[in-house]
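J.: I am sharing coords.pdb, which consists of PDB, C-alpha atoms:
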ATOM      1  CA  MET J   1     -42.456  29.642  14.303  1.00  0.00           C
ATOM      2  CA  SER J   2     -41.842  27.466  11.257  1.00  0.00           C
ATOM      3  CA  GLU J   3     -41.385  23.723  11.382  1.00  0.00           C
ATOM      4  CA  PRO J   4     -37.761  22.529  11.378  1.00  0.00           C
ATOM      5  CA  LEU J   5     -36.495  20.909   8.198  1.00  0.00           C
ATOM      6  CA  PRO J   6     -35.645  17.234   8.434  1.00  0.00           C
ATOM      7  CA  GLY J   7     -31.904  16.557   8.379  1.00  0.00           C
ATOM      8  CA  PRO J   8     -30.273  13.860   6.276  1.00  0.00           C
ATOM      9  CA  SER J   9     -30.585  10.455   7.892  1.00  0.00           C
ATOM     10  CA  LEU J  10     -29.580   6.876   7.279  1.00  0.00           C
ATOM     11  CA  VAL J  11     -31.191   3.621   8.270  1.00  0.00           C
ATOM     12  CA  ILE J  12     -28.423   1.104   8.804  1.00  0.00           C
ATOM     13  CA  THR J  13     -28.882  -2.605   9.386  1.00  0.00           C
ATOM     14  CA  PRO J  14     -26.383  -5.415   8.829  1.00  0.00           C
ATOM     15  CA  GLN J  15     -28.225  -6.177   5.587  1.00  0.00           C
ATOM     16  CA  GLU J  16     -28.588  -2.730   4.018  1.00  0.00           C
ATOM     17  CA  MET J  17     -28.014   1.000   4.205  1.00  0.00           C
ATOM     18  CA  ALA J  18     -31.071   3.018   3.202  1.00  0.00           C
ATOM     19  CA  GLY J  19     -30.208   6.572   2.141  1.00  0.00           C
ATOM     20  CA  ARG J  20     -26.791   5.762   0.716  1.00  0.00           C
ATOM     21  CA  THR J  21     -25.261   8.070  -1.885  1.00  0.00           C
ATOM     22  CA  GLY J  22     -22.934   5.488  -3.406  1.00  0.00           C
ATOM     23  CA  ARG J  23     -22.020   1.832  -3.680  1.00  0.00           C
ATOM     24  CA  TYR J  24     -19.115  -0.083  -5.135  1.00  0.00           C
ATOM     25  CA  GLU J  25     -18.390  -3.774  -5.461  1.00  0.00           C
ATOM     26  CA  LYS J  26     -15.130  -5.674  -5.726  1.00  0.00           C
ATOM     27  CA  ARG J  27     -15.322  -8.970  -7.539  1.00  0.00           C
ATOM     28  CA  LEU J  28     -12.759 -11.749  -7.315  1.00  0.00           C
ATOM     29  CA  SER J  29     -11.370 -10.638 -10.697  1.00  0.00           C
ATOM     30  CA  ASP J  30     -10.666  -7.171  -9.203  1.00  0.00           C
ATOM     31  CA  LEU J  31      -8.378  -8.674  -6.534  1.00  0.00           C
ATOM     32  CA  ASP J  32      -5.645 -10.045  -8.802  1.00  0.00           C
ATOM     33  CA  GLY J  33      -2.270  -9.749  -7.077  1.00  0.00           C
ATOM     34  CA  LEU J  34      -3.657  -9.607  -3.520  1.00  0.00           C
ATOM     35  CA  PHE J  35      -3.238 -13.262  -2.575  1.00  0.00           C
ATOM     36  CA  ALA J  36       0.077 -15.114  -2.247  1.00  0.00           C
ATOM     37  CA  ASP J  37      -1.107 -18.415  -3.723  1.00  0.00           C
ATOM     38  CA  GLU J  38      -1.353 -17.525  -7.416  1.00  0.00           C
ATOM     39  CA  ALA J  39      -2.399 -21.057  -8.429  1.00  0.00           C
ATOM     40  CA  ALA J  40      -5.277 -21.086  -5.919  1.00  0.00           C
ATOM     41  CA  PHE J  41      -6.350 -17.649  -7.124  1.00  0.00           C
ATOM     42  CA  ALA J  42      -6.272 -18.762 -10.768  1.00  0.00           C
ATOM     43  CA  ALA J  43      -8.354 -21.859  -9.937  1.00  0.00           C
ATOM     44  CA  ARG J  44     -10.996 -19.754  -8.154  1.00  0.00           C
ATOM     45  CA  LEU J  45     -10.906 -17.154 -10.925  1.00  0.00           C
ATOM     46  CA  ALA J  46     -11.696 -19.810 -13.535  1.00  0.00           C
ATOM     47  CA  THR J  47     -15.085 -20.497 -11.930  1.00  0.00           C
ATOM     48  CA  GLU J  48     -15.860 -17.427  -9.794  1.00  0.00           C
ATOM     49  CA  ALA J  49     -14.411 -14.372 -11.564  1.00  0.00           C
ATOM     50  CA  ASP J  50     -17.641 -12.383 -11.179  1.00  0.00           C
ATOM     51  CA  ARG J  51     -18.286 -13.352  -7.544  1.00  0.00           C
ATOM     52  CA  VAL J  52     -18.616 -10.240  -5.377  1.00  0.00           C
ATOM     53  CA  ILE J  53     -16.080 -10.575  -2.556  1.00  0.00           C
ATOM     54  CA  TYR J  54     -17.024  -7.307  -0.880  1.00  0.00           C
ATOM     55  CA  HIS J  55     -19.213  -4.296  -1.366  1.00  0.00           C
ATOM     56  CA  VAL J  56     -19.318  -0.878   0.238  1.00  0.00           C
ATOM     57  CA  ASP J  57     -22.372   1.338   0.683  1.00  0.00           C
ATOM     58  CA  GLU J  58     -21.662   4.910   1.722  1.00  0.00           C
ATOM     59  CA  PHE J  59     -23.297   8.169   2.639  1.00  0.00           C
ATOM     60  CA  ARG J  60     -21.071  10.993   1.387  1.00  0.00           C
ATOM     61  CA  PRO J  61     -22.792  14.332   2.026  1.00  0.00           C
ATOM     62  CA  SER J  62     -19.780  16.285   0.713  1.00  0.00           C
ATOM     63  CA  THR J  63     -15.982  16.240   0.556  1.00  0.00           C
ATOM     64  CA  ALA J  64     -15.690  19.412   2.654  1.00  0.00           C
ATOM     65  CA  THR J  65     -13.314  19.610   5.586  1.00  0.00           C
ATOM     66  CA  GLY J  66     -15.300  18.904   8.737  1.00  0.00           C
ATOM     67  CA  ASP J  67     -17.842  16.611   7.077  1.00  0.00           C
ATOM     68  CA  LEU J  68     -17.950  12.838   7.630  1.00  0.00           C
ATOM     69  CA  ILE J  69     -18.396   9.860   5.334  1.00  0.00           C
ATOM     70  CA  THR J  70     -20.271   6.943   6.870  1.00  0.00           C
ATOM     71  CA  GLY J  71     -20.895   3.558   5.374  1.00  0.00           C
ATOM     72  CA  ILE J  72     -21.212  -0.194   5.595  1.00  0.00           C
ATOM     73  CA  SER J  73     -18.602  -2.641   4.316  1.00  0.00           C
ATOM     74  CA  THR J  74     -19.696  -6.248   3.727  1.00  0.00           C
ATOM     75  CA  LEU J  75     -16.902  -8.784   3.173  1.00  0.00           C
ATOM     76  CA  SER J  76     -17.880 -12.341   2.223  1.00  0.00           C
ATOM     77  CA  PRO J  77     -16.360 -15.403   3.896  1.00  0.00           C
ATOM     78  CA  GLY J  78     -13.863 -17.604   2.110  1.00  0.00           C
ATOM     79  CA  ARG J  79     -10.215 -18.222   1.406  1.00  0.00           C
ATOM     80  CA  VAL J  80      -7.794 -18.215  -1.484  1.00  0.00           C
ATOM     81  CA  GLY J  81      -5.331 -20.925  -0.589  1.00  0.00           C
ATOM     82  CA  ARG J  82      -4.684 -20.404   3.133  1.00  0.00           C
ATOM     83  CA  GLU J  83      -5.457 -16.661   3.068  1.00  0.00           C
ATOM     84  CA  PHE J  84      -8.802 -15.354   4.191  1.00  0.00           C
ATOM     85  CA  HIS J  85     -10.856 -12.997   2.038  1.00  0.00           C
ATOM     86  CA  MET J  86      -9.734  -9.402   2.496  1.00  0.00           C
ATOM     87  CA  THR J  87     -10.333  -5.933   1.164  1.00  0.00           C
ATOM     88  CA  ARG J  88      -7.730  -4.223  -1.004  1.00  0.00           C
ATOM     89  CA  GLY J  89      -6.866  -1.874   1.845  1.00  0.00           C
ATOM     90  CA  HIS J  90      -5.617   1.708   1.772  1.00  0.00           C
ATOM     91  CA  ILE J  91      -4.084   4.581   3.662  1.00  0.00           C
ATOM     92  CA  HIS J  92      -5.745   7.965   3.725  1.00  0.00           C
ATOM     93  CA  ALA J  93      -4.306  10.353   1.146  1.00  0.00           C
ATOM     94  CA  ARG J  94      -4.284  12.944   3.948  1.00  0.00           C
ATOM     95  CA  HIS J  95      -2.221  10.824   6.312  1.00  0.00           C
ATOM     96  CA  ASP J  96      -3.334  12.629   9.461  1.00  0.00           C
ATOM     97  CA  ARG J  97      -6.937  11.402   9.068  1.00  0.00           C
ATOM     98  CA  THR J  98      -8.362   8.630  11.267  1.00  0.00           C
ATOM     99  CA  GLU J  99     -11.176   6.139  10.804  1.00  0.00           C
ATOM    100  CA  ILE J 100     -13.331   3.856  12.923  1.00  0.00           C
ATOM    101  CA  TYR J 101     -14.858   0.497  12.046  1.00  0.00           C
ATOM    102  CA  HIS J 102     -17.690  -0.827  14.238  1.00  0.00           C
ATOM    103  CA  CYS J 103     -18.285  -4.546  13.734  1.00  0.00           C
ATOM    104  CA  LEU J 104     -22.005  -5.209  13.265  1.00  0.00           C
ATOM    105  CA  SER J 105     -21.748  -8.932  12.488  1.00  0.00           C
ATOM    106  CA  GLY J 106     -19.249 -11.635  11.690  1.00  0.00           C
ATOM    107  CA  HIS J 107     -15.677 -12.286  12.828  1.00  0.00           C
ATOM    108  CA  GLY J 108     -12.574 -10.743  11.348  1.00  0.00           C
ATOM    109  CA  LEU J 109      -9.591  -8.469  11.707  1.00  0.00           C
ATOM    110  CA  MET J 110      -8.689  -4.893  11.073  1.00  0.00           C
ATOM    111  CA  LEU J 111      -5.135  -5.431   9.835  1.00  0.00           C
ATOM    112  CA  MET J 112      -3.140  -2.203  10.155  1.00  0.00           C
ATOM    113  CA  GLU J 113       0.435  -1.250   9.346  1.00  0.00           C
ATOM    114  CA  THR J 114       2.588   1.806   9.937  1.00  0.00           C
ATOM    115  CA  LEU J 115       4.716   3.188   7.122  1.00  0.00           C
ATOM    116  CA  ASP J 116       7.804   1.571   8.666  1.00  0.00           C
ATOM    117  CA  GLY J 117       6.156  -1.871   8.616  1.00  0.00           C
ATOM    118  CA  GLN J 118       4.889  -2.291  12.183  1.00  0.00           C
ATOM    119  CA  THR J 119       1.751  -4.447  12.211  1.00  0.00           C
ATOM    120  CA  VAL J 120      -1.207  -3.673  14.470  1.00  0.00           C
ATOM    121  CA  VAL J 121      -4.281  -5.932  14.660  1.00  0.00           C
ATOM    122  CA  THR J 122      -7.747  -5.477  16.149  1.00  0.00           C
ATOM    123  CA  GLU J 123      -9.879  -8.607  16.188  1.00  0.00           C
ATOM    124  CA  LEU J 124     -13.441  -7.794  15.143  1.00  0.00           C
ATOM    125  CA  ARG J 125     -16.579  -9.317  16.628  1.00  0.00           C
ATOM    126  CA  PRO J 126     -20.027  -7.729  16.972  1.00  0.00           C
ATOM    127  CA  GLY J 127     -19.818  -4.605  19.135  1.00  0.00           C
ATOM    128  CA  VAL J 128     -16.039  -4.119  18.779  1.00  0.00           C
ATOM    129  CA  VAL J 129     -14.876  -0.761  17.411  1.00  0.00           C
ATOM    130  CA  ALA J 130     -11.494  -0.697  15.671  1.00  0.00           C
ATOM    131  CA  TYR J 131      -9.756   2.678  15.729  1.00  0.00           C
ATOM    132  CA  VAL J 132      -7.414   3.302  12.783  1.00  0.00           C
ATOM    133  CA  PRO J 133      -4.883   5.932  13.897  1.00  0.00           C
ATOM    134  CA  PRO J 134      -3.353   8.524  11.568  1.00  0.00           C
ATOM    135  CA  VAL J 135      -0.709   7.254   9.127  1.00  0.00           C
ATOM    136  CA  HIS J 136      -1.874   3.619   9.216  1.00  0.00           C
ATOM    137  CA  ILE J 137      -2.502   1.438   6.187  1.00  0.00           C
ATOM    138  CA  HIS J 138      -5.524  -0.741   6.892  1.00  0.00           C
ATOM    139  CA  ARG J 139      -7.654  -3.535   5.470  1.00  0.00           C
ATOM    140  CA  SER J 140     -10.453  -5.809   6.677  1.00  0.00           C
ATOM    141  CA  VAL J 141     -10.013  -9.592   6.773  1.00  0.00           C
ATOM    142  CA  ASN J 142     -12.929 -12.016   7.212  1.00  0.00           C
ATOM    143  CA  LEU J 143     -11.938 -14.898   9.508  1.00  0.00           C
ATOM    144  CA  GLY J 144     -15.434 -16.350   9.857  1.00  0.00           C
ATOM    145  CA  ASP J 145     -17.934 -18.358   7.883  1.00  0.00           C
ATOM    146  CA  THR J 146     -20.498 -15.543   7.561  1.00  0.00           C
ATOM    147  CA  ASP J 147     -20.272 -12.018   6.148  1.00  0.00           C
ATOM    148  CA  LEU J 148     -18.083  -9.569   8.070  1.00  0.00           C
ATOM    149  CA  VAL J 149     -20.166  -6.398   8.255  1.00  0.00           C
ATOM    150  CA  THR J 150     -18.668  -3.167   9.585  1.00  0.00           C
ATOM    151  CA  LEU J 151     -19.920   0.377   9.930  1.00  0.00           C
ATOM    152  CA  PHE J 152     -17.151   2.858   9.117  1.00  0.00           C
ATOM    153  CA  CYS J 153     -16.757   6.594   9.532  1.00  0.00           C
ATOM    154  CA  TYR J 154     -13.953   8.932   8.491  1.00  0.00           C
ATOM    155  CA  PRO J 155     -13.383  12.602   7.552  1.00  0.00           C
ATOM    156  CA  ALA J 156     -14.765  13.482   4.140  1.00  0.00           C
ATOM    157  CA  ASP J 157     -11.505  15.119   3.027  1.00  0.00           C
ATOM    158  CA  ALA J 158      -9.337  12.073   3.876  1.00  0.00           C
ATOM    159  CA  GLY J 159      -9.103  10.506   0.419  1.00  0.00           C
ATOM    160  CA  GLN J 160      -7.628   7.041  -0.185  1.00  0.00           C
ATOM    161  CA  ASP J 161      -4.345   5.770  -1.548  1.00  0.00           C
ATOM    162  CA  TYR J 162      -4.840   2.135  -2.636  1.00  0.00           C
ATOM    163  CA  ASP J 163      -1.521   1.835  -4.489  1.00  0.00           C
ATOM    164  CA  ILE J 164       0.679   2.118  -1.385  1.00  0.00           C
ATOM    165  CA  ILE J 165       0.097  -1.582  -0.670  1.00  0.00           C
ATOM    166  CA  ALA J 166       0.827  -2.711  -4.233  1.00  0.00           C
ATOM    167  CA  ARG J 167       4.061  -0.674  -4.329  1.00  0.00           C
ATOM    168  CA  SER J 168       5.320  -2.677  -1.335  1.00  0.00           C
ATOM    169  CA  GLY J 169       4.284  -6.082  -2.670  1.00  0.00           C
ATOM    170  CA  GLY J 170       1.404  -6.204  -0.173  1.00  0.00           C
ATOM    171  CA  MET J 171       1.216  -5.605   3.539  1.00  0.00           C
ATOM    172  CA  ARG J 172       3.992  -6.992   5.718  1.00  0.00           C
ATOM    173  CA  HIS J 173       1.786  -9.741   7.181  1.00  0.00           C
ATOM    174  CA  ARG J 174      -0.917 -11.991   5.761  1.00  0.00           C
ATOM    175  CA  ALA J 175      -3.791 -13.506   7.782  1.00  0.00           C
ATOM    176  CA  VAL J 176      -3.791 -17.255   7.107  1.00  0.00           C
ATOM    177  CA  ALA J 177      -5.734 -20.247   8.356  1.00  0.00           C
ATOM    178  CA  ASP J 178      -4.042 -22.180  11.150  1.00  0.00           C
ATOM    179  CA  GLY J 179      -5.996 -25.288  12.171  1.00  0.00           C
ATOM    180  CA  ASP J 180      -9.361 -24.012  13.405  1.00  0.00           C
ATOM    181  CA  GLY J 181      -8.012 -20.489  13.879  1.00  0.00           C
ATOM    182  CA  TRP J 182      -5.755 -17.966  12.227  1.00  0.00           C
ATOM    183  CA  ARG J 183      -2.289 -16.510  12.487  1.00  0.00           C
ATOM    184  CA  LEU J 184      -0.218 -13.799  10.891  1.00  0.00           C
ATOM    185  CA  GLU J 185       2.447 -14.903   8.452  1.00  0.00           C
ATOM    186  CA  GLU J 186       5.282 -12.805   7.045  1.00  0.00           C
ATOM    187  CA  ASN J 187       4.694 -11.770   3.440  1.00  0.00           C
ATOM    188  CA  ARG J 188       7.740 -13.034   1.535  1.00  0.00           C
ATOM    189  CA  GLY J 189       7.115 -10.523  -1.251  1.00  0.00           C
ATOM    190  CA  TYR J 190       7.010  -7.489   1.054  1.00  0.00           C
ATOM    191  CA  VAL J 191       9.302  -4.596   0.141  1.00  0.00           C
ATOM    192  CA  PRO J 192       9.882  -2.089   2.969  1.00  0.00           C
ATOM    193  CA  ARG J 193       8.768   1.458   2.202  1.00  0.00           C
TER
END
Mind turning the file's structure into structure tokens?
T.:
Amino acid sequence: MSEPLPGPSLVITPQEMAGRTGRYEKRLSDLDGLFADEAAFAARLATEADRVIYHVDEFRPSTATGDLITGISTLSPGRVGREFHMTRGHIHARHDRTEIYHCLSGHGLMLMETLDGQTVVTELRPGVVAYVPPVHIHRSVNLGDTDLVTLFCYPADAGQDYDIIARSGGMRHRAVADGDGWRLEENRGYVPR
């Protein structure tokens, strides 16, 4: 009998993902239009345009139906005005696809929204798994003072639509600082879909 072949594997820690097939970074300059306080964004941009706000490492074995994409998202702490750092967010191009986010470290939110504007929130702390149901726009928000690190997994054929948020002037709610905590605030520029 022959020896079995080793299967693909990943070594995942909150600091790195060995075996990744891809990585992308979003710098502050890539997030123009995301934050409500344009003056605060411009002030940060003047000195921190190249600062990496978040990066994503992924293992994408294929885009075939039935395969899975797994990865690590690392979102830095900070605020622009009263809004916490966030990812651009997306909905899956194939709307019936789901996703999970397992919080490895940090404190944040999985901010989700249905197409008719209903907001759903899962607060993220280490060990919490956020389930993103089908047909939900979603983004990560870092509420803490350390990196928010999540492990994600979704079907390889899901695809992403990042423009759905921009077409509506953002998501319906924004996560803003409120004393020592946070709260959701209506987005005054939101346009219902």
J.: In Å, with one decimal, what is the gap from atom CA of J:His102 to atom CA of J:Glu16?
T.: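 Separation between atom CA of J:His102 and atom CA of J:Glu16: 15.1 Å.
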J.: Quick one: which residues end up in the PyMOL selection byres ((chain J and resi 142) around 6) for this structure, as a ChimeraX atom specification?
T.: /J:77,85,108,141,143-144,148
J.: Which one of J:Gly181, J:Gly170, J:Pro133, J:Gly159 sits closest to J:Arg94 if you count all atoms listed in the file?
T.: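 Closest residue, counting all atoms listed in the file: J:Gly159.
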J.: Would you mind telling me which residue in J:Asp32, J:His92, J:Glu25, J:Arg60 lies nearest to J:Ser73 when using all atoms listed in the file?
T.: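 Among the listed residues, the smallest separation from J:Ser73 belongs to J:Glu25.
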J.: Name the closest residue to J:Val56 among the candidates J:Ser29, J:Glu38, J:Tyr24, J:Gly78; distances are taken between atoms, counting all atoms listed in the file.
T.: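 Nearest to J:Val56: J:Tyr24.
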J.: I need the residue set behind the PyMOL selection byres ((chain J and resi 139) around 6) for this file; please write it as a count of residues only.
T.: 6
J.: For J:Thr98, which residue among J:Leu151, J:Ala46, J:Ala156, J:Val80 is the nearest when counting all atoms listed in the file?
T.: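 Checking each of J:Leu151, J:Ala46, J:Ala156, J:Val80 against J:Thr98, counting all atoms listed in the file, the winner is J:Ala156.
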J.: Report, in Å with one decimal, the straight-line distance from atom CA of J:His95 to atom CA of J:Thr150.
T.: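 Going from atom CA of J:His95 over to atom CA of J:Thr150 covers 21.8 Å.
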J.: Just the residues within 9 Å of J:Cys103, please, counting only C-alpha atoms, with nothing from its chain fewer than 2 positions along; format it as JSON, numbers by chain.
T.: {"J": [101, 105, 106, 107, 108, 124, 125, 126, 127, 128, 129, 130, 148, 149, 150, 151, 152]}
J.: Name the residues that the PyMOL selection byres ((chain J and resi 122) around 6) pulls out of this structure, and write them as an MDAnalysis selection string.
T.: chainID J and resid 109:110 121 123
J.: Extract, using only C-alpha atoms, all DNA, RNA and protein residues at most 10 Å from J:Gln118, discarding same-chain residues fewer than 6 positions from it, and format them as a PDB file with C-alpha atoms, in the coordinates of the input.
T.:
ATOM      1  CA  MET J 112      -3.140  -2.203  10.155  1.00  0.00           C
ATOM      2  CA  HIS J 136      -1.874   3.619   9.216  1.00  0.00           C
ATOM      3  CA  MET J 171       1.216  -5.605   3.539  1.00  0.00           C
ATOM      4  CA  ARG J 172       3.992  -6.992   5.718  1.00  0.00           C
ATOM      5  CA  HIS J 173       1.786  -9.741   7.181  1.00  0.00           C
TER       6      HIS J 173
END
J.: Using only C-alpha atoms, which residue out of J:Thr63, J:Asn187, J:Thr114, J:Thr119 lies closest to J:Asp157?
T.: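 Looking at the shortest contact to J:Asp157, the residue is J:Thr63.
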J.: Could you please determine the separation between atom CA of J:Val135 and atom CA of J:His55 in Å, to one decimal place?
T.: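 Going from atom CA of J:Val135 over to atom CA of J:His55 covers 24.2 Å.
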J.: Compare J:Arg167, J:Arg193, J:Arg20, J:Arg174 by their minimum atom-to-atom distance to J:Ile72, counting all atoms listed in the file, and give me the closest one.
T.: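 Of all the options, J:Arg20 lies closest to J:Ile72.
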J.: Any idea what's packed within 12 Å of J:Arg82, counting only C-alpha atoms, ignoring anything in its chain fewer than 3 positions away? Could you give it as a PyMOL selection string?
T.: chain J and resi 35-41+78-79+85+143+174-185
J.: Using all atoms listed in the file, which protein or nucleic acid residues come within 8 Å of J:Ile53? Drop anything in the same chain fewer than 6 positions from it, and give the result as a ChimeraX atom specification.
T.: /J:25-28,75-76,85
J.: Dig up all the protein and nucleic acid residues within 9 Å of (-15.1, 9.3, 9.9) in the file frame, using all atoms listed in the file, and format them as a count of residues only.
T.: 14
J.: Using the file's own x, y and z axes, so that the box edges lie along x, y and z, what centre and edge lengths in Å (one decimal) does a box around every listed atom of stretch 38-51 of chain J get when 5 Å is added on each side? Give it as AutoDock Vina command-line options.
T.:
--center_x -9.8 --center_y -17.1 --center_z -9.7 --size_x 26.9 --size_y 19.5 --size_z 17.6
